[in-house]
Structures are given as C-alpha cells and as structure tokens.
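Structure data (TSV, C-alpha atoms) from coords17.tsv:
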chain	number	residue	atom	x	y	z
T	225	MET	CA	-21.50	-48.34	53.77
T	226	ASN	CA	-17.75	-48.70	53.59
T	227	VAL	CA	-15.99	-46.15	51.40
T	228	HIS	CA	-12.49	-47.21	50.54
T	229	PRO	CA	-10.23	-44.21	50.22
T	230	ARG	CA	-8.25	-44.03	47.01
T	231	PRO	CA	-4.62	-44.94	47.50
T	232	ALA	CA	-2.43	-41.86	47.63
T	233	LYS	CA	-0.64	-41.12	44.40
T	234	PRO	CA	3.15	-41.21	44.63
T	235	PRO	CA	4.84	-37.79	44.59
T	236	LEU	CA	6.58	-36.65	41.41
T	237	LYS	CA	8.75	-33.58	41.00
T	238	ILE	CA	8.61	-32.27	37.42
T	239	LEU	CA	11.39	-29.99	36.23
T	240	LEU	CA	10.07	-28.15	33.20
T	241	CYS	CA	12.81	-26.99	30.83
T	242	SER	CA	12.72	-23.42	29.59
T	243	PRO	CA	13.06	-22.49	26.78
T	244	ARG	CA	11.16	-25.33	25.12
T	245	GLY	CA	8.79	-25.73	22.20
T	246	PHE	CA	8.22	-23.29	19.34
T	247	CYS	CA	11.08	-21.14	18.11
T	248	ALA	CA	10.71	-17.94	16.07
T	249	GLY	CA	11.26	-19.74	12.75
T	250	VAL	CA	8.50	-22.25	13.50
T	251	VAL	CA	6.07	-19.53	14.63
T	252	ARG	CA	6.77	-17.63	11.39
T	253	ALA	CA	6.20	-20.73	9.23
T	254	ILE	CA	2.90	-21.69	10.90
T	255	ASP	CA	1.72	-18.06	10.78
T	256	ALA	CA	2.58	-17.99	7.07
T	257	VAL	CA	0.23	-20.91	6.34
T	258	GLU	CA	-2.58	-19.43	8.44
T	259	ARG	CA	-2.19	-15.96	6.88
T	260	ALA	CA	-2.10	-17.45	3.39
T	261	LEU	CA	-5.35	-19.31	4.12
T	262	ALA	CA	-6.89	-16.05	5.34
T	263	LYS	CA	-5.69	-14.13	2.29
T	264	PHE	CA	-6.24	-16.63	-0.53
T	265	GLY	CA	-8.70	-19.10	0.97
T	266	PRO	CA	-8.20	-22.88	0.80
T	267	PRO	CA	-6.60	-24.80	-0.64
T	268	VAL	CA	-3.15	-23.49	0.17
T	269	TYR	CA	-0.48	-26.01	-0.78
T	270	VAL	CA	2.54	-26.65	1.41
T	271	ARG	CA	5.60	-28.46	0.07
T	272	HIS	CA	6.78	-30.94	2.71
T	273	GLU	CA	5.63	-30.68	6.35
T	274	ILE	CA	5.72	-26.98	7.24
T	275	VAL	CA	7.45	-28.03	10.47
T	276	HIS	CA	8.19	-31.53	11.72
T	277	ASN	CA	5.22	-32.04	14.01
T	278	ARG	CA	2.20	-34.24	13.31
T	279	TYR	CA	-0.16	-32.22	15.55
T	280	VAL	CA	0.71	-28.96	13.76
T	281	VAL	CA	0.36	-30.52	10.32
T	282	GLU	CA	-3.03	-32.09	11.12
T	283	SER	CA	-4.28	-28.78	12.60
T	284	LEU	CA	-3.35	-26.91	9.42
T	285	LYS	CA	-4.89	-29.64	7.23
T	286	ALA	CA	-8.17	-29.11	9.08
T	287	LYS	CA	-8.02	-25.42	8.14
T	288	GLY	CA	-7.52	-26.13	4.44
T	289	ALA	CA	-3.79	-26.61	3.94
T	290	VAL	CA	-2.82	-29.39	1.54
T	291	PHE	CA	0.59	-30.95	2.09
T	292	VAL	CA	2.55	-32.34	-0.86
T	293	GLU	CA	6.05	-33.73	-1.18
T	294	GLU	CA	6.61	-32.53	-4.75
T	295	LEU	CA	5.22	-29.67	-6.82
T	296	ASP	CA	3.82	-31.99	-9.51
T	297	GLU	CA	1.22	-33.11	-6.95
T	298	ILE	CA	-0.37	-29.63	-7.22
T	299	PRO	CA	-3.06	-29.93	-9.90
T	300	THR	CA	-3.38	-26.32	-11.09
T	301	ALA	CA	-1.32	-23.16	-11.61
T	302	ASN	CA	-1.95	-19.77	-9.98
T	303	VAL	CA	-2.38	-21.23	-6.51
T	304	PRO	CA	-0.21	-20.48	-3.47
T	305	VAL	CA	2.46	-22.95	-2.42
T	306	ILE	CA	4.44	-22.45	0.75
T	307	PHE	CA	7.97	-23.74	1.15
T	308	SER	CA	8.60	-25.22	4.60
T	309	ALA	CA	10.77	-23.79	7.37
T	310	HIS	CA	13.54	-26.23	6.38
T	311	GLY	CA	14.17	-24.52	3.05
T	312	VAL	CA	14.26	-25.85	-0.51
T	313	ALA	CA	16.76	-26.26	-3.33
T	314	LYS	CA	16.89	-23.54	-5.98
T	315	SER	CA	15.51	-26.04	-8.49
T	316	VAL	CA	12.26	-26.18	-6.49
T	317	SER	CA	11.84	-22.38	-6.59
T	318	ALA	CA	12.57	-22.42	-10.34
T	319	ALA	CA	10.03	-25.22	-10.92
T	320	ALA	CA	7.36	-23.27	-9.00
T	321	ALA	CA	7.96	-20.19	-11.16
T	322	GLU	CA	7.80	-22.30	-14.31
T	323	ARG	CA	4.47	-23.80	-13.18
T	324	GLY	CA	3.04	-20.32	-12.49
T	325	LEU	CA	2.58	-21.10	-8.80
T	326	LEU	CA	2.54	-18.31	-6.23
T	327	ALA	CA	5.54	-19.36	-4.16
T	328	ILE	CA	5.73	-18.14	-0.57
T	329	ASP	CA	9.05	-18.93	1.09
T	330	ALA	CA	8.66	-19.74	4.80
T	331	THR	CA	12.29	-20.89	5.14
T	332	CYS	CA	13.61	-19.99	8.59
T	333	PRO	CA	15.84	-16.89	8.23
T	334	LEU	CA	18.58	-18.72	10.12
T	335	VAL	CA	18.53	-21.47	7.48
T	336	THR	CA	18.58	-18.80	4.75
T	337	LYS	CA	21.71	-17.42	6.43
T	338	VAL	CA	23.42	-20.79	5.92
T	339	HIS	CA	22.30	-20.84	2.26
T	340	ARG	CA	23.86	-17.42	1.69
T	341	GLU	CA	27.09	-18.39	3.44
T	342	ALA	CA	27.46	-21.47	1.25
T	343	GLU	CA	26.84	-19.48	-1.90
T	344	ILE	CA	29.31	-16.72	-0.95
T	345	HIS	CA	32.04	-19.28	-0.24
T	346	TRP	CA	31.41	-20.96	-3.58
T	347	ARG	CA	31.48	-17.66	-5.49
T	348	ARG	CA	34.82	-16.93	-3.84
T	349	GLY	CA	36.17	-20.17	-5.23
T	350	ARG	CA	36.10	-22.26	-2.07
T	351	ARG	CA	35.00	-25.90	-1.85
T	352	VAL	CA	32.07	-26.06	0.58
T	353	LEU	CA	31.65	-28.75	3.23
T	354	LEU	CA	28.28	-29.11	4.96
T	355	VAL	CA	28.13	-30.70	8.42
T	356	GLY	CA	24.70	-32.32	8.70
T	357	HIS	CA	22.50	-35.41	8.38
T	358	SER	CA	21.97	-36.98	4.97
T	359	GLY	CA	18.41	-36.77	3.68
T	360	HIS	CA	17.19	-34.16	6.16
T	361	PRO	CA	15.13	-31.55	4.26
T	362	GLU	CA	17.34	-28.71	5.52
T	363	VAL	CA	20.46	-30.47	4.24
T	364	VAL	CA	18.81	-31.23	0.87
T	365	GLY	CA	17.82	-27.57	0.57
T	366	THR	CA	21.26	-26.25	1.51
T	367	MET	CA	23.08	-28.57	-0.89
T	368	GLY	CA	20.58	-27.53	-3.57
T	369	GLN	CA	21.67	-23.90	-3.39
T	370	LEU	CA	24.75	-24.80	-5.44
T	371	PRO	CA	25.35	-26.93	-8.54
T	372	GLU	CA	25.16	-30.68	-8.00
T	373	GLY	CA	28.35	-32.18	-6.60
T	374	VAL	CA	29.77	-28.89	-5.37
T	375	VAL	CA	28.87	-29.35	-1.68
T	376	ILE	CA	30.46	-32.22	0.26
T	377	LEU	CA	28.31	-33.60	3.09
T	378	VAL	CA	30.15	-34.49	6.31
T	379	GLU	CA	28.13	-36.55	8.80
T	380	SER	CA	30.87	-37.84	11.10
T	381	VAL	CA	34.54	-37.63	12.05
T	382	GLU	CA	35.05	-40.83	10.02
T	383	ASP	CA	33.78	-39.00	6.90
T	384	ILE	CA	36.59	-36.46	7.35
T	385	ASP	CA	39.20	-39.23	7.37
T	386	ARG	CA	37.88	-40.42	4.00
T	387	LEU	CA	37.92	-37.00	2.29
T	388	ASN	CA	40.14	-36.62	-0.74
T	389	ILE	CA	40.24	-32.96	-1.79
T	390	GLU	CA	42.63	-31.56	-4.38
T	391	ASP	CA	43.09	-28.08	-2.91
T	392	GLU	CA	43.00	-28.41	0.88
T	393	THR	CA	43.93	-24.72	1.35
T	394	ASN	CA	40.71	-23.36	-0.18
T	395	LEU	CA	37.87	-24.81	1.91
T	396	ALA	CA	34.93	-23.55	3.94
T	397	TYR	CA	32.25	-25.24	6.02
T	398	VAL	CA	28.67	-24.54	7.08
T	399	THR	CA	26.43	-26.60	9.36
T	400	GLN	CA	22.83	-27.74	9.63
T	401	THR	CA	21.08	-25.47	12.17
T	402	THR	CA	19.57	-28.23	14.34
T	403	LEU	CA	22.60	-30.36	15.23
T	404	SER	CA	23.77	-31.40	18.66
T	405	LEU	CA	26.28	-28.81	19.85
T	406	ASP	CA	28.60	-31.49	21.24
T	407	ASP	CA	28.51	-33.71	18.16
T	408	SER	CA	28.98	-30.84	15.72
T	409	GLN	CA	31.86	-29.39	17.76
T	410	GLU	CA	33.64	-32.75	17.61
T	411	ILE	CA	33.28	-32.77	13.81
T	412	VAL	CA	34.32	-29.11	13.47
T	413	ASN	CA	37.39	-29.76	15.64
T	414	ALA	CA	38.34	-32.68	13.41
T	415	LEU	CA	37.82	-30.55	10.28
T	416	THR	CA	40.02	-27.72	11.53
T	417	LYS	CA	42.68	-30.20	12.65
T	418	ARG	CA	42.82	-31.88	9.23
T	419	PHE	CA	42.36	-28.62	7.26
T	420	PRO	CA	43.94	-25.80	9.34
T	421	LYS	CA	43.06	-23.15	6.74
T	422	ILE	CA	39.35	-24.07	6.47
T	423	ILE	CA	37.02	-21.09	6.91
T	424	GLY	CA	34.02	-21.36	9.23
T	425	PRO	CA	30.90	-19.22	9.74
T	426	HIS	CA	31.31	-15.66	11.06
T	427	LYS	CA	28.58	-16.52	13.53
T	428	GLU	CA	27.61	-20.03	14.70
T	429	ASP	CA	25.23	-21.75	12.25
T	430	ILE	CA	23.48	-23.86	14.90
T	431	CYS	CA	20.50	-21.71	15.77
T	432	TYR	CA	19.81	-19.99	19.08
T	433	ALA	CA	16.75	-22.17	19.74
T	434	THR	CA	18.67	-25.42	19.34
T	435	THR	CA	21.44	-24.07	21.58
T	436	ASN	CA	19.08	-22.86	24.31
T	437	ARG	CA	16.93	-26.00	24.40
T	438	GLN	CA	19.96	-28.25	24.64
T	439	ALA	CA	21.43	-26.08	27.42
T	440	ALA	CA	18.21	-26.35	29.45
T	441	VAL	CA	18.18	-30.15	29.11
T	442	LYS	CA	21.84	-30.35	30.18
T	443	GLU	CA	20.95	-28.32	33.27
T	444	VAL	CA	17.95	-30.48	34.23
T	445	ALA	CA	19.06	-34.03	33.27
T	446	PRO	CA	21.52	-34.63	36.16
T	447	TYR	CA	18.76	-33.94	38.72
T	448	VAL	CA	15.96	-36.18	37.40
T	449	ASP	CA	15.30	-39.91	37.06
T	450	ALA	CA	14.17	-39.58	33.44
T	451	VAL	CA	13.37	-37.05	30.70
T	452	ILE	CA	10.51	-36.78	28.25
T	453	VAL	CA	11.11	-34.90	25.01
T	454	VAL	CA	7.89	-33.86	23.29
T	455	GLY	CA	8.42	-33.91	19.54
T	456	SER	CA	8.26	-35.92	16.33
T	457	PRO	CA	10.69	-38.71	15.41
T	458	ASN	CA	11.57	-36.92	12.14
T	459	SER	CA	12.42	-33.70	14.02
T	460	SER	CA	16.20	-33.36	14.12
T	461	ASN	CA	16.29	-30.92	17.04
T	462	SER	CA	13.94	-33.15	19.08
T	463	GLN	CA	16.12	-36.21	18.48
T	464	ARG	CA	19.17	-34.20	19.54
T	465	LEU	CA	17.41	-33.20	22.80
T	466	ARG	CA	16.83	-36.88	23.57
T	467	GLU	CA	20.49	-37.64	22.90
T	468	VAL	CA	21.65	-34.71	25.05
T	469	ALA	CA	19.50	-35.94	27.98
T	470	GLU	CA	20.85	-39.47	27.71
T	471	ARG	CA	24.42	-38.22	27.44
T	472	ALA	CA	23.85	-36.26	30.65
T	473	GLY	CA	22.79	-39.46	32.40
T	474	ALA	CA	18.98	-39.44	32.25
T	475	PRO	CA	16.97	-42.14	30.40
T	476	ALA	CA	14.90	-40.26	27.82
T	477	GLN	CA	11.91	-40.95	25.59
T	478	LEU	CA	10.80	-38.93	22.58
T	479	VAL	CA	6.98	-38.85	22.38
T	480	GLN	CA	4.49	-37.14	20.09
T	481	GLY	CA	1.70	-37.23	22.69
T	482	ARG	CA	0.48	-38.89	25.87
T	483	GLY	CA	-0.48	-42.07	24.06
T	484	GLU	CA	3.18	-42.85	23.36
T	485	ILE	CA	4.42	-42.65	26.96
T	486	ASP	CA	6.10	-45.90	27.97
T	487	TRP	CA	4.95	-46.28	31.58
T	488	ASN	CA	7.43	-49.14	32.05
T	489	ILE	CA	10.20	-46.55	31.85
T	490	PHE	CA	8.46	-44.02	34.07
T	491	GLY	CA	6.88	-46.32	36.67
T	492	ASP	CA	9.00	-45.84	39.79
T	493	ILE	CA	10.45	-42.38	39.20
T	494	SER	CA	10.29	-39.55	41.74
T	495	SER	CA	11.57	-36.80	39.45
T	496	LEU	CA	11.05	-36.08	35.75
T	497	GLY	CA	12.39	-33.55	33.27
T	498	ILE	CA	10.13	-32.39	30.42
T	499	THR	CA	11.15	-30.44	27.34
T	500	ALA	CA	9.85	-30.00	23.79
T	501	GLY	CA	11.49	-29.69	20.41
T	502	ALA	CA	11.32	-26.40	18.52
T	503	SER	CA	8.38	-27.58	16.39
T	504	ALA	CA	6.26	-29.00	19.24
T	505	PRO	CA	3.31	-26.89	20.51
T	506	GLU	CA	2.84	-26.21	24.21
T	507	VAL	CA	-0.56	-27.93	24.17
T	508	LEU	CA	1.27	-31.26	23.82
T	509	VAL	CA	3.48	-30.48	26.83
T	510	GLU	CA	0.34	-29.76	28.87
T	511	GLU	CA	-1.19	-33.04	27.65
T	512	ILE	CA	1.89	-34.95	28.85
T	513	MET	CA	1.79	-33.21	32.25
T	514	ASP	CA	-1.91	-34.08	32.60
T	515	ALA	CA	-1.09	-37.73	31.93
T	516	PHE	CA	1.46	-37.74	34.76
T	517	ALA	CA	-0.91	-35.82	37.07
T	518	GLU	CA	-3.41	-38.70	36.71
T	519	ARG	CA	-0.85	-41.14	38.13
T	520	TYR	CA	1.28	-38.97	40.41
T	521	ASP	CA	0.93	-36.12	42.86
T	522	ILE	CA	2.98	-33.67	40.81
T	523	ALA	CA	4.90	-30.57	41.84
T	524	VAL	CA	6.19	-28.49	38.94
T	525	GLU	CA	9.26	-26.26	38.85
T	526	THR	CA	10.46	-24.40	35.76
T	527	ILE	CA	14.20	-24.37	35.15
T	528	SER	CA	15.20	-21.55	32.81
T	529	SER	CA	18.56	-21.37	31.04
T	530	ALA	CA	17.85	-18.40	28.72
T	531	ASP	CA	15.27	-15.77	27.81
T	532	GLU	CA	14.09	-15.75	24.21
T	533	ASN	CA	12.57	-12.69	22.55
T	534	VAL	CA	13.42	-13.41	18.91
T	535	SER	CA	10.82	-12.84	16.20
T	536	PHE	CA	10.96	-12.85	12.40
T	537	PRO	CA	8.75	-10.92	9.95
T	538	LEU	CA	6.35	-12.86	7.74
T	539	PRO	CA	7.24	-13.52	4.08
T	540	LYS	CA	6.73	-10.30	2.11
T	541	GLU	CA	3.69	-11.68	0.21
T	542	LEU	CA	1.77	-11.91	3.50
T	543	ARG	CA	2.86	-8.80	5.41
T	544	ALA	CA	0.11	-6.54	4.09
T	545	ILE	CA	-2.56	-8.42	6.07
T	546	ALA	CA	-0.46	-9.06	9.17
Would it be possible to restate this file's structure as structure tokens?
Amino acid sequence: MNVHPRPAKPPLKILLCSPRGFCAGVVRAIDAVERALAKFGPPVYVRHEIVHNRYVVESLKAKGAVFVEELDEIPTANVPVIFSAHGVAKSVSAAAAERGLLAIDATCPLVTKVHREAEIHWRRGRRVLLVGHSGHPEVVGTMGQLPEGVVILVESVEDIDRLNIEDETNLAYVTQTTLSLDDSQEIVNALTKRFPKIIGPHKEDICYATTNRQAAVKEVAPYVDAVIVVGSPNSSNSQRLREVAERAGAPAQLVQGRGEIDWNIFGDISSLGITAGASAPEVLVEEIMDAFAERYDIAVETISSADENVSFPLPKELRAIA
C-alpha cells in the first residue's frame, strides 16, 4: 500500500500586533449590556450597535439584547435602554426620559470628554469645529450636544479652505476619537495655519487605544508581505488601521472572520501582520490564525508597541451588582 505523504505546507511568519482588539471603552459597553441582562432580565434594548462588531452584536442578541436604531422601536416604557459606546445626542437622552425608559449610558468616557469640551467652548462663546467623519454615530452624538447648526464638521483640508466664519479669532476644535493620527494631524495643522488663534484640546482627543493600535501596525507593516485587520467595515478605527498598514507599504484586508479572507491576496506570502480593531474580540483573531495554520506552517511572534492597563467603571445604574 502506497501512502503519499502530504506536501509540506509553506512557512509563514506571523507578526501579531499588540495592543489589538478590545479597548477599555468597548469592554465597559459590552459589560454594561451583560450586567443589565443579569439585573433586569431580557429584553434589554440597545440603541444602535453597542460596538461596531457583528460577532459581538449577535452574541448579545443570543443573550436577550434587542438592538434598535431609534427609541420609537421600543414598544413599552419602564424597560432598560442602553446607549452605545459611540454616544448619543442630548435629544435622544431627553426622548428616553420622556418615554419613561430606564436609560443606561454606555458612552465611552473618552467620547464623553469630547462632548464636555465642545460644550465648554460653546458656553465660553467660541464657535466649535469638529474634525471627524460625517454620519458616524460618534460624530452625530458629539454634534448633538449643542444646538443644531452650532458645530461645524470638518472632514478634510479642502473643507477648511471653504470655511466662511465671521469671527475667526474666537474658534475651538475637537476631534472624533477614532481618526487616523496622520490624517487628523494634517487637518489640525491646516486649521491652525488658517486660524492661528484657534483653541485645541488640553489633551489629545484621539483615544489611547486608537493611538496604540495604529503605532503597532506602523511598526509591523514594513516587515511583512501583507496585513489582516480583524474588524467590521463600519468600524472607524478598524478602517483607519487598514489605511495605516497600506500607507506603511503593506497590502491590507479588513475582514470580519475567516470566511472573508481573500486567499488571492495572501497566496504567496511568507510573512503576515495581524491586528484587530478596538471592537473586535480576540476569538476572531484566533479564528483567522487557525485559517492560516491550515494552509501554512506558521510561526508567531508578538510585536508590542505599548502596554495597556486602562479600565473604566460601569455606568452607575449597574455598579451595585458588579
């Protein structure tokens, strides 16, 4: 009996970016839904995806969370509704109170910081500019902290050229927390050049997790043939990681799971970088690595650019059972 040996799998060096995956704000938001389910029982309503990750959302649905886009989709009063990590406009909080809903705010504290900054600038009589992406829930929530039309959204350097502001000496800016550091710096530089007296944040608005994950990708990308970013297409920080990898010279693909891997891109590689957006669970990273282990003889090395030990307390309504 002839036994044909299996052909040897080609070697593949995997450089695993660290930090990657869940940040403290995401952990807090997911914990809030799970604690609310434990405290109140299902259904617990969640306005918008609690975090931008399909796997996380489906897992919470299976436990009894019901996701809605607007409060009028919630059929009864006196039930808990959780606001997502991206934050909501003040009108949403007011509508929840008017409906008699038990609102639990899982907005990331670093997003709340931006909300407070914008409001303080406005109360001091400054016109507020927000650097961010139109339509992103965080941007909608931040603009909704102030009366309609007060905040000016700036998405690009070209937007700055088109600005027509009466009092150019009394301006301030804040930024979305999940932007690309390089892109946002280019816009901020253009803002300060055009408006030398504009006031910026006391401390950088782009959050530590976004900063650290982008730094790790920048470190790994020059040494690999390609990069996989684990995350959802509607996740801003995941999309920025893909862009950072490509800017550093590595072809990159954003995938939600192993089924989305384009093996045409990754066929002849000998080295691969893997990272995950701040809302992507580690189980999906392991799933991706398993998929490559089936096709390659993998050797894994972790490349760390920072240590993270940040944690945030749960919303006050849920702390008693923590």
Skipping near chain neighbours, those fewer than 3 positions away, what residues fall within 12 Å of Glu297 (chain T) using only C-alpha atoms, listed as a CSV table (one decimal) with C-alpha atoms, in the frame of the given file?
chain,number,residue,atom,x,y,z
T,269,TYR,CA,-0.5,-26.0,-0.8
T,270,VAL,CA,2.5,-26.6,1.4
T,271,ARG,CA,5.6,-28.5,0.1
T,272,HIS,CA,6.8,-30.9,2.7
T,290,VAL,CA,-2.8,-29.4,1.5
T,291,PHE,CA,0.6,-31.0,2.1
T,292,VAL,CA,2.6,-32.3,-0.9
T,293,GLU,CA,6.0,-33.7,-1.2
T,294,GLU,CA,6.6,-32.5,-4.8
T,300,THR,CA,-3.4,-26.3,-11.1
T,301,ALA,CA,-1.3,-23.2,-11.6
T,305,VAL,CA,2.5,-23.0,-2.4
T,320,ALA,CA,7.4,-23.3,-9.0
T,323,ARG,CA,4.5,-23.8,-13.2
Can you check which parts of region 343-460 of chain T lie within 6 Å of region 480-494 of chain T? Per residue, the shortest pair of atoms and distance in Å to one decimal, counting all atoms listed in the file, sorted by chain and number, as CSV.
residue,atom,partner,partner_atom,distance
T:Asp449,CA,T:Ile493,CA,5.8
T:Val454,CA,T:Gln480,CA,5.7
T:Gly455,CA,T:Gln480,CA,5.1
T:Ser456,CA,T:Gln480,CA,5.5
Go ahead and dump the residues you just picked, C-alpha atoms, as a PDB file, in the frame of the given file.
ATOM      1  CA  ASP T 449      15.300 -39.910  37.060  1.00  0.00           C
ATOM      2  CA  VAL T 454       7.890 -33.860  23.290  1.00  0.00           C
ATOM      3  CA  GLY T 455       8.420 -33.910  19.540  1.00  0.00           C
ATOM      4  CA  SER T 456       8.260 -35.920  16.330  1.00  0.00           C
TER       5      SER T 456
END
Give me the region 403-484 of chain T side of the contact with region 235-242 of chain T, cut-off 7 Å, one line per residue showing its nearest atom pair and distance in Å at one decimal, counting only C-alpha atoms, sorted by chain and residue number, as a Markdown table.
| residue | atom | partner | partner_atom | distance |
| --- | --- | --- | --- | --- |
| T:Ala440 | CA | T:Cys241 | CA | 5.6 |
| T:Val441 | CA | T:Cys241 | CA | 6.5 |
| T:Val444 | CA | T:Leu239 | CA | 6.9 |
Written file, previous selection with C-alpha atoms, as a compact mmCIF listing (two decimals), keeping the file's coordinate frame:
# COMPACT_ATOMS: atom_id res chain seq x y z
CA ALA T 440 18.21 -26.35 29.45
CA VAL T 441 18.18 -30.15 29.11
CA VAL T 444 17.95 -30.48 34.23
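Among the candidate residues T:Glu428, T:Asp383, T:Asp329, T:Asp255, the one lying nearest to Ile411 (chain T) is T:Asp383, with distances computed using all atoms listed in the file.
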### Query
Can you find the residues with an atom no farther than 8 Å from (9.4, -17.5, 14.1), counting only C-alpha atoms, and report them as a PyMOL selection string?
chain T and resi 246-253+332+534-537
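Using only C-alpha atoms, the shortest contact distance between Ser404 (chain T) and any of T:Ala327, T:Ile452, T:Ile422, T:Val355 is found at T:Val355.
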### Surrounding residues of Glu322 (chain T) excluding itself and chain neighbours under 3 positions, 12 Å, all atoms listed in the file, as a PyMOL selection string
chain T and resi 295-296+301-302+315-319+325-327
### Message
As an exercise, work out the distance from CA of Ala342 (chain T) to CA of Val374 (chain T) in Å and give it to one decimal place.
### Response
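For CA of Ala342 (chain T) relative to CA of Val374 (chain T), the distance reads 10.2 Å.
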### Query
Distance CA of Arg350 (chain T)-CA of Thr331 (chain T), one decimal place?
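These two atoms are separated by 24.9 Å.
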### Distance query Ala260 (chain T) at most 8 Å, all atoms listed in the file, self and fewer than 5 positions along chain excluded, as a VMD selection string
chain T and resid 265 268 304 542
### Query
Which value, in Å to one decimal, gives the distance between CA of Ile376 (chain T) and CA of Asn461 (chain T)?
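Atom-to-atom, CA of Ile376 (chain T) and CA of Asn461 (chain T) are spaced 22.0 Å apart.
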### Message
Residues within 8 Å of Pro234 (chain T), please, as a list in words. Count only C-alpha atoms; anything in the same chain fewer than 3 positions from it doesn't count.
### Response
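Residues meeting the cut-off are Ser494, Arg519, Tyr520 and Asp521 of chain T.
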### Task
Tell me, as a PyMOL selection string, which residues lie within 9 Å of Trp346 (chain T), counting only C-alpha atoms; anything in the same chain fewer than 5 positions away does not count.
chain T and resi 341+351-352+370+374-375+396
Dump as a CSV table (one decimal), keeping the file's coordinate frame, selection limited to C-alpha atoms:
chain,number,residue,atom,x,y,z
T,341,GLU,CA,27.1,-18.4,3.4
T,351,ARG,CA,35.0,-25.9,-1.8
T,352,VAL,CA,32.1,-26.1,0.6
T,370,LEU,CA,24.8,-24.8,-5.4
T,374,VAL,CA,29.8,-28.9,-5.4
T,375,VAL,CA,28.9,-29.4,-1.7
T,396,ALA,CA,34.9,-23.6,3.9
### Selected residue, from T:Thr401, T:Ser528, T:Gln477, T:Asn413, that lies nearest to Ile384 (chain T) when counting all atoms listed in the file
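Going through T:Thr401, T:Ser528, T:Gln477, T:Asn413 one by one, the smallest distance to Ile384 (chain T) is for T:Asn413.
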### Task
For a cut-off of 12 Å around (7.6, -36.0, 14.6), file coordinates, pick out all residues using all atoms listed in the file and list them as a ChimeraX atom specification.
/T:273-282,453-463,478-481,484,500-505
How would region 412-428 of chain T look with N, CA, C and O atoms restored, written as a compact mmCIF listing (two decimals), in the coordinates of the input?
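Output below, filename out27.txt:
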# COMPACT_ATOMS: atom_id res chain seq x y z
N VAL T 412 33.64 -30.35 13.84
CA VAL T 412 34.32 -29.11 13.47
C VAL T 412 35.78 -29.14 13.94
O VAL T 412 36.69 -28.73 13.22
N ASN T 413 36.02 -29.65 15.14
CA ASN T 413 37.39 -29.76 15.64
C ASN T 413 38.24 -30.65 14.74
O ASN T 413 39.40 -30.35 14.45
N ALA T 414 37.62 -31.76 14.30
CA ALA T 414 38.34 -32.68 13.41
C ALA T 414 38.61 -32.03 12.04
O ALA T 414 39.68 -32.23 11.44
N LEU T 415 37.63 -31.25 11.56
CA LEU T 415 37.82 -30.55 10.28
C LEU T 415 38.97 -29.56 10.35
O LEU T 415 39.83 -29.50 9.47
N THR T 416 38.99 -28.76 11.42
CA THR T 416 40.02 -27.72 11.53
C THR T 416 41.40 -28.33 11.80
O THR T 416 42.42 -27.75 11.44
N LYS T 417 41.41 -29.51 12.43
CA LYS T 417 42.68 -30.20 12.65
C LYS T 417 43.25 -30.72 11.32
O LYS T 417 44.44 -30.58 11.03
N ARG T 418 42.36 -31.32 10.51
CA ARG T 418 42.82 -31.88 9.23
C ARG T 418 43.08 -30.77 8.21
O ARG T 418 44.01 -30.86 7.41
N PHE T 419 42.22 -29.72 8.23
CA PHE T 419 42.36 -28.62 7.26
C PHE T 419 42.52 -27.31 8.03
O PHE T 419 41.54 -26.57 8.23
N PRO T 420 43.74 -26.98 8.47
CA PRO T 420 43.94 -25.80 9.34
C PRO T 420 43.49 -24.48 8.72
O PRO T 420 43.16 -23.54 9.44
N LYS T 421 43.42 -24.42 7.39
CA LYS T 421 43.06 -23.15 6.74
C LYS T 421 41.56 -23.08 6.39
O LYS T 421 41.12 -22.13 5.75
N ILE T 422 40.78 -24.08 6.80
CA ILE T 422 39.35 -24.07 6.47
C ILE T 422 38.66 -22.88 7.14
O ILE T 422 39.00 -22.49 8.26
N ILE T 423 37.72 -22.29 6.42
CA ILE T 423 37.02 -21.09 6.91
C ILE T 423 35.64 -21.50 7.43
O ILE T 423 34.88 -22.21 6.75
N GLY T 424 35.31 -21.06 8.63
CA GLY T 424 34.02 -21.36 9.23
C GLY T 424 33.08 -20.17 9.19
O GLY T 424 33.43 -19.10 8.68
N PRO T 425 31.87 -20.32 9.73
CA PRO T 425 30.90 -19.22 9.74
C PRO T 425 31.39 -18.07 10.61
O PRO T 425 32.08 -18.28 11.62
N HIS T 426 31.01 -16.84 10.21
CA HIS T 426 31.31 -15.66 11.06
C HIS T 426 30.60 -15.79 12.39
O HIS T 426 31.10 -15.43 13.44
N LYS T 427 29.38 -16.31 12.32
CA LYS T 427 28.58 -16.52 13.53
C LYS T 427 28.06 -17.94 13.47
O LYS T 427 27.69 -18.42 12.40
N GLU T 428 28.03 -18.62 14.61
CA GLU T 428 27.61 -20.03 14.70
C GLU T 428 26.35 -20.31 13.88
O GLU T 428 25.37 -19.57 13.94
